[in-house]
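Next comes final33.cif, a file with mmCIF, C-alpha atoms.
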data_structure
#
loop_
_atom_site.group_PDB
_atom_site.id
_atom_site.type_symbol
_atom_site.label_atom_id
_atom_site.label_comp_id
_atom_site.auth_asym_id
_atom_site.auth_seq_id
_atom_site.Cartn_x
_atom_site.Cartn_y
_atom_site.Cartn_z
ATOM 1 C CA MET A 1 19.013 -19.411 -6.246
ATOM 2 C CA LYS A 2 17.697 -19.045 -9.780
ATOM 3 C CA LYS A 3 14.495 -17.495 -8.452
ATOM 4 C CA PHE A 4 16.609 -14.637 -7.113
ATOM 5 C CA GLY A 5 18.446 -14.118 -10.386
ATOM 6 C CA ALA A 6 21.390 -16.540 -10.255
ATOM 7 C CA SER A 7 22.628 -17.530 -13.705
ATOM 8 C CA ASP A 8 23.436 -21.061 -14.831
ATOM 9 C CA GLN A 9 27.105 -20.083 -14.996
ATOM 10 C CA MET A 10 27.054 -18.838 -11.404
ATOM 11 C CA ILE A 11 25.468 -22.046 -10.145
ATOM 12 C CA ASP A 12 28.028 -24.092 -12.076
ATOM 13 C CA ARG A 13 30.846 -22.113 -10.473
ATOM 14 C CA LEU A 14 29.401 -22.632 -6.998
ATOM 15 C CA THR A 15 28.996 -26.338 -7.672
ATOM 16 C CA ASP A 16 32.582 -26.512 -8.899
ATOM 17 C CA GLY A 17 33.950 -25.022 -5.656
ATOM 18 C CA ASP A 18 34.456 -21.400 -6.724
ATOM 19 C CA ALA A 19 32.255 -20.063 -3.915
ATOM 20 C CA LEU A 20 34.711 -17.546 -2.479
ATOM 21 C CA ALA A 21 35.212 -15.791 -5.823
ATOM 22 C CA VAL A 22 31.468 -15.822 -6.574
ATOM 23 C CA ILE A 23 30.652 -14.305 -3.178
ATOM 24 C CA GLY A 24 33.258 -11.607 -3.741
ATOM 25 C CA GLU A 25 31.781 -10.696 -7.118
ATOM 26 C CA LEU A 26 28.251 -10.656 -5.715
ATOM 27 C CA LYS A 27 29.328 -8.328 -2.920
ATOM 28 C CA GLN A 28 30.823 -5.899 -5.418
ATOM 29 C CA GLN A 29 27.607 -5.950 -7.437
ATOM 30 C CA ALA A 30 25.459 -5.487 -4.325
ATOM 31 C CA GLN A 31 27.567 -2.522 -3.236
ATOM 32 C CA ARG A 32 26.771 -0.939 -6.599
ATOM 33 C CA GLY A 33 23.055 -1.364 -5.932
ATOM 34 C CA ASP A 34 22.288 -4.602 -7.781
ATOM 35 C CA PRO A 35 19.182 -6.049 -6.031
ATOM 36 C CA SER A 36 19.626 -9.536 -7.495
ATOM 37 C CA ALA A 37 23.157 -9.786 -6.104
ATOM 38 C CA ALA A 38 21.957 -8.666 -2.658
ATOM 39 C CA ASN A 39 19.084 -11.159 -2.713
ATOM 40 C CA ILE A 40 21.318 -14.070 -3.755
ATOM 41 C CA LEU A 41 23.735 -13.237 -0.937
ATOM 42 C CA GLU A 42 20.892 -13.073 1.595
ATOM 43 C CA TYR A 43 19.575 -16.450 0.486
ATOM 44 C CA MET A 44 23.052 -17.955 0.579
ATOM 45 C CA ALA A 45 23.758 -16.573 4.036
ATOM 46 C CA TYR A 46 20.623 -17.983 5.638
ATOM 47 C CA SER A 47 20.060 -21.121 3.565
ATOM 48 C CA THR A 48 23.081 -22.381 1.630
ATOM 49 C CA CYS A 49 25.652 -21.407 4.232
ATOM 50 C CA ALA A 50 23.490 -22.449 7.157
ATOM 51 C CA PHE A 51 22.827 -25.945 5.806
ATOM 52 C CA SER A 52 26.457 -26.401 4.781
ATOM 53 C CA GLY A 53 27.449 -25.769 8.376
ATOM 54 C CA VAL A 54 25.014 -28.124 10.109
ATOM 55 C CA ASN A 55 24.226 -30.987 7.711
ATOM 56 C CA GLY A 56 27.733 -32.103 6.823
ATOM 57 C CA GLU A 57 30.021 -34.855 8.034
ATOM 58 C CA GLY A 58 29.368 -35.887 11.630
ATOM 59 C CA SER A 59 25.876 -34.372 11.746
ATOM 60 C CA SER A 60 23.024 -36.353 13.274
ATOM 61 C CA SER A 61 21.121 -36.359 9.986
ATOM 62 C CA GLN A 62 24.054 -37.808 8.083
ATOM 63 C CA ALA A 63 24.877 -40.296 10.827
ATOM 64 C CA GLN A 64 21.515 -41.916 10.118
ATOM 65 C CA GLN A 65 22.234 -42.172 6.398
ATOM 66 C CA LEU A 66 25.124 -44.636 6.607
ATOM 67 C CA PRO A 67 23.248 -47.406 8.481
ATOM 68 C CA ASP A 68 20.270 -46.867 6.166
ATOM 69 C CA ALA A 69 22.540 -47.168 3.133
ATOM 70 C CA GLN A 70 23.640 -50.639 4.251
ATOM 71 C CA ALA A 71 20.120 -51.891 3.553
ATOM 72 C CA LEU A 72 20.436 -50.892 -0.102
ATOM 73 C CA PRO A 73 21.820 -53.127 -2.877
ATOM 74 C CA LEU A 74 25.617 -52.977 -2.955
ATOM 75 C CA ARG A 75 25.812 -50.715 -6.002
ATOM 76 C CA ASP A 76 23.351 -48.213 -4.506
ATOM 77 C CA ASP A 77 25.111 -48.370 -1.134
ATOM 78 C CA GLU A 78 28.430 -47.509 -2.767
ATOM 79 C CA TRP A 79 26.828 -44.748 -4.829
ATOM 80 C CA ILE A 80 25.204 -42.982 -1.904
ATOM 81 C CA ARG A 81 28.354 -43.224 0.216
ATOM 82 C CA ALA A 82 30.389 -41.685 -2.616
ATOM 83 C CA ALA A 83 27.739 -38.988 -3.048
ATOM 84 C CA LEU A 84 27.835 -38.172 0.671
ATOM 85 C CA ARG A 85 31.637 -37.896 0.598
ATOM 86 C CA GLU A 86 31.395 -35.508 -2.349
ATOM 87 C CA LYS A 87 28.696 -33.535 -0.553
ATOM 88 C CA ASN A 88 30.836 -33.315 2.585
ATOM 89 C CA ASP A 89 33.770 -31.907 0.627
ATOM 90 C CA TYR A 90 31.485 -29.345 -0.971
ATOM 91 C CA ASP A 91 29.906 -28.386 2.367
ATOM 92 C CA LYS A 92 33.330 -27.844 3.944
ATOM 93 C CA GLN A 93 34.407 -25.552 1.102
ATOM 94 C CA MET A 94 31.130 -23.639 1.173
ATOM 95 C CA ALA A 95 31.137 -23.255 4.972
ATOM 96 C CA ALA A 96 34.711 -21.940 4.886
ATOM 97 C CA ALA A 97 33.871 -19.436 2.131
ATOM 98 C CA CYS A 98 30.776 -18.274 4.011
ATOM 99 C CA GLN A 99 32.700 -17.806 7.260
ATOM 100 C CA GLN A 100 35.427 -15.862 5.495
ATOM 101 C CA ALA A 101 33.364 -13.615 3.230
ATOM 102 C CA MET A 102 29.779 -13.324 4.496
ATOM 103 C CA ASP A 103 28.666 -10.445 6.737
ATOM 104 C CA LYS A 104 24.943 -10.832 7.440
ATOM 105 C CA LEU A 105 24.484 -7.276 8.704
ATOM 106 C CA GLU A 106 26.126 -5.839 5.607
ATOM 107 C CA ILE A 107 24.030 -8.065 3.339
ATOM 108 C CA GLU A 108 20.802 -7.210 5.144
ATOM 109 C CA ALA A 109 21.523 -3.511 4.664
ATOM 110 C CA TRP A 110 21.757 -4.050 0.897
ATOM 111 C CA VAL A 111 18.575 -6.132 0.857
ATOM 112 C CA THR A 112 16.757 -3.533 2.971
ATOM 113 C CA SER A 113 17.747 -0.816 0.527
ATOM 114 C CA SER A 114 16.368 -2.901 -2.334
ATOM 115 C CA ALA A 115 13.176 -3.657 -0.392
ATOM 116 C CA ASN A 116 12.660 0.053 0.254
ATOM 117 C CA GLN A 117 12.576 0.472 -3.517
ATOM 118 C CA GLY A 118 9.794 -2.102 -3.804
ATOM 119 C CA ASN A 119 11.758 -5.189 -4.859
ATOM 120 C CA GLY A 120 9.423 -8.118 -4.162
ATOM 121 C CA ALA A 121 12.156 -10.722 -3.660
ATOM 122 C CA SER A 122 13.952 -8.459 -1.173
ATOM 123 C CA LEU A 123 10.742 -7.879 0.770
ATOM 124 C CA TRP A 124 10.131 -11.633 0.840
ATOM 125 C CA LEU A 125 13.642 -12.368 2.103
ATOM 126 C CA LEU A 126 13.313 -9.798 4.884
ATOM 127 C CA SER A 127 10.016 -11.368 5.930
ATOM 128 C CA ARG A 128 11.781 -14.731 6.227
ATOM 129 C CA TYR A 129 15.307 -13.921 7.376
ATOM 130 C CA GLY A 130 15.434 -10.272 8.410
ATOM 131 C CA SER A 131 16.399 -9.192 11.917
ATOM 132 C CA SER A 132 12.758 -8.202 12.524
ATOM 133 C CA ARG A 133 11.612 -11.858 12.353
ATOM 134 C CA GLY A 134 8.600 -12.636 14.523
ATOM 135 C CA SER A 135 7.392 -9.039 14.606
ATOM 136 C CA GLU A 136 4.509 -7.206 12.992
ATOM 137 C CA LEU A 137 7.062 -5.703 10.628
ATOM 138 C CA GLN A 138 7.844 -9.190 9.336
ATOM 139 C CA GLN A 139 4.153 -9.728 8.551
ATOM 140 C CA GLN A 140 4.024 -6.359 6.812
ATOM 141 C CA LYS A 141 7.053 -7.234 4.693
ATOM 142 C CA LEU A 142 5.312 -10.447 3.661
ATOM 143 C CA MET A 143 2.178 -8.565 2.597
ATOM 144 C CA ASP A 144 4.279 -5.972 0.778
ATOM 145 C CA ALA A 145 6.129 -8.735 -1.086
ATOM 146 C CA ALA A 146 2.802 -10.306 -2.109
ATOM 147 C CA ASP A 147 1.482 -6.907 -3.219
ATOM 148 C CA ALA A 148 4.656 -6.470 -5.275
ATOM 149 C CA GLY A 149 3.753 -9.676 -7.132
ATOM 150 C CA TYR A 150 6.422 -11.996 -5.743
ATOM 151 C CA PRO A 151 4.987 -15.536 -6.210
ATOM 152 C CA GLU A 152 6.690 -17.172 -3.193
ATOM 153 C CA ALA A 153 5.221 -14.502 -0.934
ATOM 154 C CA GLN A 154 1.796 -14.828 -2.535
ATOM 155 C CA ALA A 155 1.737 -18.588 -1.996
ATOM 156 C CA PHE A 156 3.064 -18.365 1.568
ATOM 157 C CA LEU A 157 0.615 -15.624 2.556
ATOM 158 C CA ALA A 158 -2.309 -17.451 0.918
ATOM 159 C CA GLN A 159 -1.620 -20.627 2.867
ATOM 160 C CA GLY A 160 -1.088 -18.638 6.059
ATOM 161 C CA LEU A 161 -4.441 -16.910 5.654
ATOM 162 C CA MET A 162 -6.156 -20.229 5.020
ATOM 163 C CA ASN A 163 -4.682 -21.980 8.059
ATOM 164 C CA GLY A 164 -4.932 -18.962 10.359
ATOM 165 C CA THR A 165 -1.216 -18.278 10.867
ATOM 166 C CA ALA A 166 -1.372 -15.006 8.914
ATOM 167 C CA HIS A 167 -3.819 -12.120 9.195
ATOM 168 C CA LEU A 168 -4.792 -9.174 7.027
ATOM 169 C CA PRO A 169 -5.586 -5.666 8.303
ATOM 170 C CA ALA A 170 -9.190 -5.067 9.339
ATOM 171 C CA GLY A 171 -11.552 -4.517 6.436
ATOM 172 C CA LEU A 172 -9.849 -6.910 4.016
ATOM 173 C CA ALA A 173 -11.541 -10.206 3.194
ATOM 174 C CA ALA A 174 -9.056 -12.926 4.147
ATOM 175 C CA ASP A 175 -10.793 -15.790 2.323
ATOM 176 C CA GLU A 176 -11.153 -13.917 -0.968
ATOM 177 C CA ASN A 177 -7.624 -12.557 -0.837
ATOM 178 C CA ALA A 178 -6.137 -15.960 0.037
ATOM 179 C CA ALA A 179 -7.889 -17.626 -2.877
ATOM 180 C CA ASN A 180 -6.791 -14.929 -5.331
ATOM 181 C CA LEU A 181 -3.199 -15.016 -4.091
ATOM 182 C CA LEU A 182 -2.964 -18.797 -4.414
ATOM 183 C CA LYS A 183 -4.427 -18.766 -7.921
ATOM 184 C CA VAL A 184 -1.964 -16.106 -9.081
ATOM 185 C CA ALA A 185 0.998 -17.900 -7.453
ATOM 186 C CA ALA A 186 -0.048 -21.173 -9.105
ATOM 187 C CA ASP A 187 0.726 -19.669 -12.502
ATOM 188 C CA SER A 188 4.421 -19.425 -11.540
ATOM 189 C CA LEU A 189 5.002 -22.062 -8.867
ATOM 190 C CA PRO A 190 4.351 -25.791 -9.364
ATOM 191 C CA TYR A 191 3.922 -26.416 -5.621
ATOM 192 C CA ALA A 192 1.333 -23.621 -5.445
ATOM 193 C CA GLU A 193 -0.586 -25.263 -8.284
ATOM 194 C CA SER A 194 -0.524 -28.519 -6.279
ATOM 195 C CA ALA A 195 -1.892 -26.667 -3.256
ATOM 196 C CA LEU A 196 -4.608 -25.110 -5.431
ATOM 197 C CA ALA A 197 -5.558 -28.557 -6.750
ATOM 198 C CA VAL A 198 -5.902 -29.919 -3.216
ATOM 199 C CA CYS A 199 -8.124 -26.960 -2.313
ATOM 200 C CA GLU A 200 -10.270 -27.554 -5.384
ATOM 201 C CA PHE A 201 -10.612 -31.193 -4.362
ATOM 202 C CA LYS A 202 -11.675 -30.684 -0.748
ATOM 203 C CA GLY A 203 -12.666 -27.011 -0.620
ATOM 204 C CA CYS A 204 -10.751 -24.265 1.163
ATOM 205 C CA PRO A 205 -11.647 -20.789 2.439
ATOM 206 C CA GLY A 206 -12.544 -18.827 -0.682
ATOM 207 C CA ILE A 207 -12.186 -21.870 -2.997
ATOM 208 C CA GLU A 208 -15.136 -24.165 -3.648
ATOM 209 C CA ALA A 209 -14.667 -27.821 -4.548
ATOM 210 C CA ASP A 210 -14.360 -28.255 -8.303
ATOM 211 C CA MET A 211 -13.321 -31.760 -9.373
ATOM 212 C CA PRO A 212 -12.592 -31.114 -13.069
ATOM 213 C CA SER A 213 -10.408 -28.131 -12.184
ATOM 214 C CA ALA A 214 -8.713 -30.091 -9.389
ATOM 215 C CA VAL A 215 -7.812 -32.866 -11.838
ATOM 216 C CA ALA A 216 -6.502 -30.384 -14.421
ATOM 217 C CA HIS A 217 -4.297 -28.585 -11.886
ATOM 218 C CA THR A 218 -3.151 -31.883 -10.354
ATOM 219 C CA ARG A 219 -1.976 -33.090 -13.751
ATOM 220 C CA GLU A 220 -0.345 -29.763 -14.704
ATOM 221 C CA ALA A 221 1.476 -29.526 -11.369
ATOM 222 C CA ALA A 222 2.873 -33.041 -11.855
ATOM 223 C CA GLN A 223 4.045 -32.126 -15.352
ATOM 224 C CA ARG A 224 5.913 -29.194 -13.782
ATOM 225 C CA GLY A 225 7.547 -31.350 -11.092
ATOM 226 C CA SER A 226 5.243 -31.048 -8.083
ATOM 227 C CA PHE A 227 3.663 -34.359 -7.036
ATOM 228 C CA ASP A 228 1.996 -33.281 -3.775
ATOM 229 C CA ALA A 229 -1.499 -33.190 -5.253
ATOM 230 C CA ILE A 230 -1.226 -36.389 -7.272
ATOM 231 C CA ILE A 231 0.035 -38.238 -4.183
ATOM 232 C CA GLN A 232 -2.553 -36.742 -1.842
ATOM 233 C CA ILE A 233 -5.734 -36.764 -3.900
ATOM 234 C CA GLY A 234 -4.953 -39.061 -6.837
ATOM 235 C CA PRO A 235 -5.865 -42.281 -5.012
ATOM 236 C CA GLN A 236 -9.123 -40.689 -3.803
ATOM 237 C CA LEU A 237 -10.401 -39.653 -7.232
ATOM 238 C CA GLN A 238 -12.911 -41.771 -9.104
ATOM 239 C CA PRO A 239 -11.398 -43.688 -12.064
ATOM 240 C CA GLY A 240 -13.664 -41.694 -14.355
ATOM 241 C CA LEU A 241 -11.896 -38.497 -13.314
ATOM 242 C CA LEU A 242 -8.333 -39.812 -13.222
ATOM 243 C CA ASP A 243 -7.172 -43.249 -14.370
ATOM 244 C CA PRO A 244 -5.468 -45.120 -11.482
ATOM 245 C CA ASN A 245 -2.719 -46.076 -13.944
ATOM 246 C CA GLU A 246 -2.025 -42.383 -14.479
ATOM 247 C CA VAL A 247 -1.767 -41.831 -10.727
ATOM 248 C CA THR A 248 0.723 -44.696 -10.470
ATOM 249 C CA ALA A 249 2.620 -43.432 -13.519
ATOM 250 C CA TRP A 250 3.107 -39.979 -12.032
ATOM 251 C CA ASN A 251 4.390 -41.561 -8.818
ATOM 252 C CA LEU A 252 6.861 -43.544 -10.933
ATOM 253 C CA ALA A 253 7.918 -40.349 -12.696
ATOM 254 C CA GLY A 254 8.576 -38.833 -9.269
ATOM 255 C CA ALA A 255 10.711 -41.860 -8.417
ATOM 256 C CA MET A 256 12.659 -41.367 -11.655
ATOM 257 C CA LEU A 257 13.241 -37.762 -10.614
ATOM 258 C CA SER A 258 14.580 -38.917 -7.253
ATOM 259 C CA GLN A 259 16.892 -41.405 -8.932
ATOM 260 C CA GLN A 260 18.483 -38.473 -10.749
ATOM 261 C CA GLY A 261 19.330 -36.998 -7.340
ATOM 262 C CA CYS A 262 16.755 -34.325 -8.055
ATOM 263 C CA SER A 263 14.030 -33.744 -5.512
ATOM 264 C CA TYR A 264 12.784 -31.123 -3.086
ATOM 265 C CA GLY A 265 14.207 -33.061 -0.170
ATOM 266 C CA GLY A 266 17.804 -33.775 0.698
ATOM 267 C CA LEU A 267 20.041 -36.628 -0.380
ATOM 268 C CA THR A 268 18.970 -39.644 1.699
ATOM 269 C CA ALA A 269 19.064 -43.403 1.587
ATOM 270 C CA GLN A 270 15.346 -43.354 2.360
ATOM 271 C CA TRP A 271 14.366 -41.618 -0.867
ATOM 272 C CA MET A 272 16.603 -43.959 -2.855
ATOM 273 C CA THR A 273 14.957 -46.971 -1.209
ATOM 274 C CA SER A 274 11.512 -45.517 -1.881
ATOM 275 C CA ALA A 275 12.351 -44.727 -5.504
ATOM 276 C CA THR A 276 13.868 -48.150 -6.145
ATOM 277 C CA SER A 277 10.893 -49.882 -4.537
ATOM 278 C CA ALA A 278 8.423 -47.916 -6.659
ATOM 279 C CA LEU A 279 10.254 -48.611 -9.898
ATOM 280 C CA THR A 280 10.757 -52.346 -9.281
ATOM 281 C CA SER A 281 7.399 -53.223 -7.709
ATOM 282 C CA ASP A 282 5.802 -56.350 -9.185
ATOM 283 C CA GLY A 283 2.379 -54.814 -8.605
ATOM 284 C CA THR A 284 2.864 -52.030 -11.145
ATOM 285 C CA SER A 285 0.956 -52.560 -14.388
ATOM 286 C CA ASP A 286 2.593 -52.452 -17.806
ATOM 287 C CA LYS A 287 0.293 -49.564 -18.739
ATOM 288 C CA ALA A 288 1.463 -47.514 -15.765
ATOM 289 C CA ARG A 289 5.120 -48.194 -16.622
ATOM 290 C CA ALA A 290 4.543 -47.181 -20.244
ATOM 291 C CA LEU A 291 2.807 -43.979 -19.160
ATOM 292 C CA ALA A 292 5.618 -43.183 -16.726
ATOM 293 C CA ALA A 293 8.197 -43.584 -19.496
ATOM 294 C CA GLN A 294 6.128 -41.278 -21.691
ATOM 295 C CA TYR A 295 5.802 -38.672 -18.936
ATOM 296 C CA TRP A 296 9.524 -38.780 -18.264
ATOM 297 C CA GLN A 297 10.322 -38.323 -21.937
ATOM 298 C CA ASN A 298 7.852 -35.449 -22.316
ATOM 299 C CA TYR A 299 8.293 -33.643 -19.001
ATOM 300 C CA GLY A 300 11.468 -34.906 -17.292
ATOM 301 C CA ALA A 301 13.644 -31.977 -18.359
ATOM 302 C CA GLN A 302 10.916 -29.511 -17.400
ATOM 303 C CA MET A 303 10.493 -31.091 -13.973
ATOM 304 C CA MET A 304 14.226 -30.920 -13.268
ATOM 305 C CA ALA A 305 14.471 -27.318 -14.443
ATOM 306 C CA ASN A 306 11.519 -26.231 -12.280
ATOM 307 C CA ILE A 307 13.031 -27.835 -9.200
ATOM 308 C CA GLY A 308 16.316 -26.128 -10.033
ATOM 309 C CA CYS A 309 18.600 -29.146 -10.407
ATOM 310 C CA ALA A 310 19.142 -28.928 -14.156
ATOM 311 C CA HIS A 311 19.596 -26.254 -16.755
#

Represent the structure contained in this file as structure tokens.
Amino acid sequence: MKKFGASDQMIDRLTDGDALAVIGELKQQAQRGDPSAANILEYMAYSTCAFSGVNGEGSSSQAQQLPDAQALPLRDDEWIRAALREKNDYDKQMAAACQQAMDKLEIEAWVTSSANQGNGASLWLLSRYGSSRGSELQQQKLMDAADAGYPEAQAFLAQGLMNGTAHLPAGLAADENAANLLKVAADSLPYAESALAVCEFKGCPGIEADMPSAVAHTREAAQRGSFDAIIQIGPQLQPGLLDPNEVTAWNLAGAMLSQQGCSYGGLTAQWMTSATSALTSDGTSDKARALAAQYWQNYGAQMMANIGCAH
């Protein structure tokens, strides 16, 4: 929610179970024309509230977690079960607050008003969640959001143009525009920088292969908390371009991030098993472990902040 303007204090209040009061305050602000408040409400309605309602206690996804947790060491098993109970309590409170206070049509009207004034985040949200989803208007909102300089829209549109799921009006060069959009988005978004690195490694429409640049962006993206490129292309790079110990070290740093309960994915026994396995593997060199410790010390706080699980 930070990318839509949520403050640290607001996130703390939501985490502490004060959702109903926060929603009420946001609605008052949105009624007064505050675009950030409208955007936060829209995101909550379609993401936070939606997931709270379907991924809680008794869900199929969570039903799989408990048997998986039994395969963990006893301490980890107890930890993840306690974490799931805490998550379930939070989800129940959030779902109840959403049901009581959220009106999607009212929120969309506020977001639409903000989008009509050129707010990039509002345009992006309408392209993803608006009632015109699946239409040409949705595609236009996406392009408008990218034109307004909203990084998430730029990255999404760039990847859509490259894989053929998005299209520009006649007369505009898709390859050139996709490359430019991805490069601009990479300045703000770690995952976009990872995507750029992968393109520079293998070549993409509008982006020629460039190994030195791919390595630089791979390393920078990892420092910012995105490990997609280092996982995908790191093992394929020649040792002269990227030391295999560095590749392993960044994977270990990603495992350390997961052990903090901080990752792009959800809370699962699988990621805990994967993280524990990576950190305790006998095949990991002392050099890689030392590098991982150094990376965590230098970049751990930055990684967590970029993912949005620390402040």

message: Evaluated on this file, the PyMOL selection byres ((chain A and resi 303) around 8) picks out some residues - which ones are they, written as a count of residues only?
response: 13

task: Tell me which residues the PyMOL selection byres ((chain A and resi 98-114) around 10) grabs here, as a PyMOL selection string.
output: chain A and resi 19-21+23-24+27+30-46+48-50+52-53+92-97+115-123+125-126+129-131

- line: Using all atoms listed in the file, the residue out of A:Gln259, A:Leu14, A:Gln238, A:Ala253 with shortest distance to Asn298 of chain A is A:Ala253

task: Run through the PyMOL selection byres ((chain A and resi 237) around 12) on the given coordinates and return the selected residues as a ChimeraX atom specification.
output: /A:198,201-202,211-212,214-215,218,229-236,238-244,246-247

- prompt: Pick from A:Cys262, A:Cys204, A:Ala209, A:Leu291: nearest to Thr248 of chain A, with all atoms listed in the file counted?
  reply: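 Of the candidates, the smallest distance to Thr248 of chain A is held by A:Leu291.
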
- prompt: Which is closest to Ile207 of chain A among A:Ala153, A:Met162, A:Leu168, A:Ala185, if we use all atoms listed in the file?
  reply: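 Among the listed residues, the smallest separation from Ile207 of chain A belongs to A:Met162.
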
- request: Write out as a ChimeraX atom specification the residues lying within 9 Å of Tyr90 of chain A, counting all atoms listed in the file and excluding same-chain residues fewer than 6 positions away.
  value: /A:15-17,52

Would you compute the box with edges along x, y and z of the file around segment 113-128 of chain A, including every atom the file lists for it and 8 Å extra on each side, and give its centre and edge lengths in Å to one decimal, as JSON?
{"center_x": 13.6, "center_y": -7.1, "center_z": 0.7, "size_x": 24.3, "size_y": 31.2, "size_z": 27.1}

Closest of A:Gly160, A:Val184, A:Gln28, A:Arg128 to Asp147 of chain A - atom-to-atom distances counting all atoms listed in the file: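 For Asp147 of chain A, the nearest of the given residues is A:Val184.
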
field: Among the residues A:Leu142, A:Ala158, A:Ala292, A:Leu26, the one that comes closest to Met256 of chain A [using only C-alpha atoms]
entry: A:Ala292
